[in-house]
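Asks: The structure under discussion is supplied below as structure tokens; questions concerning it will follow.
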Amino acid sequence: MKYRNPLVSIDHPTAHYGDPFVFRYQGSYYLYVSTPDGATNIRVYRSDDLVNWNYLGDAVKEPLLEAAYAPEIIYAYNRFYLITSPKGNGHYIYVGDLPEGPYIRLTDNINSMIDGSFFVGSDAKLHLLRADHAGIALLDVDESGHLTNRRNLDTHLNAWTEGPSLFYRNGYYYLTYCGNHLLSKGYRIAYATSTRFDGEFVEGDNNPLLINTGEGYTRLGHNSVTLGPDLDGFYVIYHTMEQDTLGFLPRKFMVERLQFSGRLMHASVSSFEIEAPHRPYFETHVPMLSLKSVDKFLLTEEATESRFTLETSIKGIGASLIMGYIDSSHYHEIELAEHVLKITKHDGHGSFTSIVPCPFDFTHFHTIRLIADEKSELLIDNALIATLDKFNAGRIGFKGIGSYGYTAFTNHANGSSDAEYPCVLPGIIDARHGRNASEAIIDSVDEIYHRELTTTTYDYVTAHGGKFALFAYAHINKDVALTVNGQAITIKPTISEYNYLPYFLGYFDLATSGTLSIETLKGNFDFKYFTIDEVRPYKLKDLFIHDNGWLIPKGNHDSYLLEEELHSSHDVELEFVIDAIRPNDVFGLLLETREYSNEYPQARFPLLGYLVGFEGSLLVVDRLHYGRLRIYDRPTGIKDGEIHRIRATLSNGKIEVYLDGTLLIVTTISAPGHLGGGGLYASYGSAVRLRHPLKQG
């Protein structure tokens, strides 16, 4: 089955779907969205496939819920909790017995700004993430809704940051967040990762995760993340907002499959037909009717392979979950006991039991997920409880007296099903995918997988055929010869203190769907991922004052000149005169610029790329990412009132900077490669004149 973004419910095709939150429970999905101005009800929808949504009714309705921002739910303390912040004026918490409600109010206004998002930890305790001026804040929540122990997670987008969402997958906690202003085309989603849920988050190297300021759907933000119907993939659900001549239209929502390679997480923005989420290999909502009674067991007729993911909803002290069943003497068992799980392996020679502490109360339903791979992980209500040894193939089922809900399994684990889905372009293709992906190993430095490329193929889809640019984030020591779809390429290594650099592989004509084949003919090509950009012009931006061949920055806002053509490498120069050297004046050349948006309140430097120029008399190289980060600088003896010439080159991760013909800076950047434009920048009111036109080599 295929589907096309954006999505709405067939029951409400013109409704508002801002801030979409999706919660998976017993094989179904529940969608909550923000309430528009004037309405006092929180709507809830249900789906079995993440694509087709039916309206269930109101989860809760009362006058104080007018314009209820970003409602979200979770299962904690053996009931459902709902949180929302009406009109952004603090939060209220509600409780209910079903994911769709009805909910009753538990608390008065508990403040804490906006965009509350729940998370259950391995201790079975409830936690709250929410927006904050310093980034995303984390708090503890008790059963009564009382908040304590606030701490900031140091995750922000250089200005207002909101819409947090946190989930666990395969050893890492992934925190997503968005900003800065929902009406700006530069509204975007970023992420950070940690090995703990309450701190030490590291921003993703490929941030932002999702952004588009060009043609197509823009203003992408406020997401949630959920496990897919196939039990193996994760999906990000976020909104987009279109604009016509009359103003902004109601927000719709998008659903994209996430890809993972260690700490690296990536997704593509799609607005064309793509593969819909697959079903699991086996599933039932009524195990008592679907499973077969064998001796003292209730078992599936189907058997898992040795790699599998299993999910079930279960309650009952003394009940057992069965995996790897061959016969009554050969199987694995997880028995639910008070405050512990008894995990037993029966191998025909005896039984071997280990005890795992468990803070969840199984006199109530809880969702167990077992991910069986080279190592196995046991999760309860999405919280990691234990890391276990490998399990055997075999039938699954239950033993003992208990209540059993939705039960399913798939013969995939930790993203192995990704190969069944074509790569969505433009986007990233990582070393964990494609032919020979099993050879990938994790890098101890950045914890992203890499592998030696011999030959690999990738199926892909894209909106329309055309020209695309291919970059590799790779490590090479000597000249490498490759072929990409039969086209020969030679790459020379860039000398750097970094192991991995971005290398441009060439331009390629791609159809709307097909196969990308890459083969190494000579040398060693060790890569982590490819980035594939569509070749498309951007609209020219020119915010300078033009005066007799000179460009003069405006006095009330920063000035940009961004060219239309995009390049894989850059050789740019210009002449300039500093009329007065002032330490806070910043100006210079822009390289690899893309995703510019200066509408509504945004972080300063609202684009992606690099700045090579001056801060006062200091020669600088900065990374721009809706903010500014120093890469390199060098003092100069430059004087005001003189004409000078600056030249900057960027190719295969290497930046060179010349001042008046003298090479002053050579540095390299270890970051994804992209197409981008050249340009000029000057901070507002800078006492500088730049010679027009910009020269692009």
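Chain labels follow the order of the structure tokens: the first chain is A, the next B, and so on; residue numbering restarts at 1 in every chain, and ligands are counted from 1 in their shown order.
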If we count only C-alpha atoms and set the cut-off at 10 Å, which residues sit around A:Glu72, ignoring sequence neighbours fewer than 4 positions away in its own chain? Please answer as a VMD selection string.
Replies: chain A and resid 19 to 23 30 to 34 81 to 84 93 115 to 118 224
Asks: Can you list, as an mmCIF file with N, CA and C atoms, in the first residue's frame, every protein, DNA or RNA residue that comes within 9 Å of A:Thr512 when you count only C-alpha atoms, leaving out same-chain residues fewer than 4 positions away?
Replies:
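What landed in around_3.cif:
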data_model
loop_
_atom_site.group_PDB
_atom_site.id
_atom_site.type_symbol
_atom_site.label_atom_id
_atom_site.label_comp_id
_atom_site.auth_asym_id
_atom_site.auth_seq_id
_atom_site.Cartn_x
_atom_site.Cartn_y
_atom_site.Cartn_z
ATOM 1 N N TYR A 460 15.204 3.509 -4.375
ATOM 2 C CA TYR A 460 14.833 4.860 -3.964
ATOM 3 C C TYR A 460 13.548 5.284 -4.650
ATOM 4 N N VAL A 461 12.914 6.310 -4.091
ATOM 5 C CA VAL A 461 11.801 7.012 -4.733
ATOM 6 C C VAL A 461 12.016 8.500 -4.517
ATOM 7 N N THR A 462 11.505 9.293 -5.432
ATOM 8 C CA THR A 462 11.577 10.744 -5.302
ATOM 9 C C THR A 462 10.370 11.360 -5.987
ATOM 10 N N ALA A 463 10.155 12.634 -5.778
ATOM 11 C CA ALA A 463 8.936 13.280 -6.269
ATOM 12 C C ALA A 463 8.876 13.310 -7.786
ATOM 13 N N HIS A 464 9.998 13.576 -8.404
ATOM 14 C CA HIS A 464 10.050 13.660 -9.861
ATOM 15 C C HIS A 464 11.480 13.434 -10.300
ATOM 16 N N GLY A 465 11.646 12.998 -11.538
ATOM 17 C CA GLY A 465 12.983 12.777 -12.053
ATOM 18 C C GLY A 465 13.738 14.083 -12.222
ATOM 19 N N GLY A 466 15.063 13.976 -12.260
ATOM 20 C CA GLY A 466 15.878 15.165 -12.442
ATOM 21 C C GLY A 466 17.300 14.922 -12.022
#
Asks: Which is closer to A:Leu664 than all the others in A:Arg634, A:Arg4, A:Lys522, A:Lys87, using only C-alpha atoms?
Replies: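 Nearest to A:Leu664: A:Arg634.
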Asks: Which one of A:Tyr458, A:Phe391, A:Phe614, A:Tyr92 sits closest to A:Ala687 if you count only C-alpha atoms?
Replies: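 Checking each of A:Tyr458, A:Phe391, A:Phe614, A:Tyr92 against A:Ala687, counting only C-alpha atoms, the winner is A:Phe614.
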Asks: What's the 9 Å shell around stretch 621-630 of chain A, counting only C-alpha atoms, without same-chain residues fewer than 5 positions away, as a PyMOL selection string?
Replies: chain A and resi 157-159+186+207-208+593+596+602-614+655+657+665+667
Asks: With the cut-off set at 7 Å and counting only C-alpha atoms, tabulate each residue of stretch 2-52 of chain A with an atom at most that distance from an atom of stretch 254-260 of chain A, showing the nearest atom pair and its distance in Å to one decimal, ordered by chain and increasing number, as a tab-separated table.
Replies:
residue	atom	partner	partner_atom	distance
A:Asn5	CA	A:Met254	CA	5.4
A:Pro6	CA	A:Met254	CA	4.8
A:Leu7	CA	A:Met254	CA	5.9
Asks: Looking at only C-alpha atoms, which of A:Cys423, A:Ala68, A:Ile581, A:Leu650 is the one that sits closest to A:Pro502?
Replies: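 Among the listed residues, A:Leu650 lies closest to A:Pro502.
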Asks: Rounded to one decimal in Å, what is the spacing between atom CA of A:Ile552 and atom CA of A:Leu690?
Replies: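 Atom CA of A:Ile552 sits 6.6 Å away from atom CA of A:Leu690.
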Asks: Please list as an MDAnalysis selection string every residue within 10 Å of stretch 328-332 of chain A, counting only C-alpha atoms and excluding residues in the same chain fewer than 2 positions away.
Replies: chainID A and resid 294:297 320:326 334:335 343:353 391:396
Asks: For stretch 583-585 of chain A, find every residue with an atom within 9 Å (counting only C-alpha atoms), except residues of its own chain fewer than 3 positions away, and show them as a PyMOL selection string.
Replies: chain A and resi 614-618+682-688
Asks: Tell me which of A:Thr245, A:Gly171, A:Ser559, A:Tyr281 sits closest to A:Glu377, counting only C-alpha atoms.
Replies: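 Residue with the minimum atom-to-atom distance to A:Glu377: A:Gly171.
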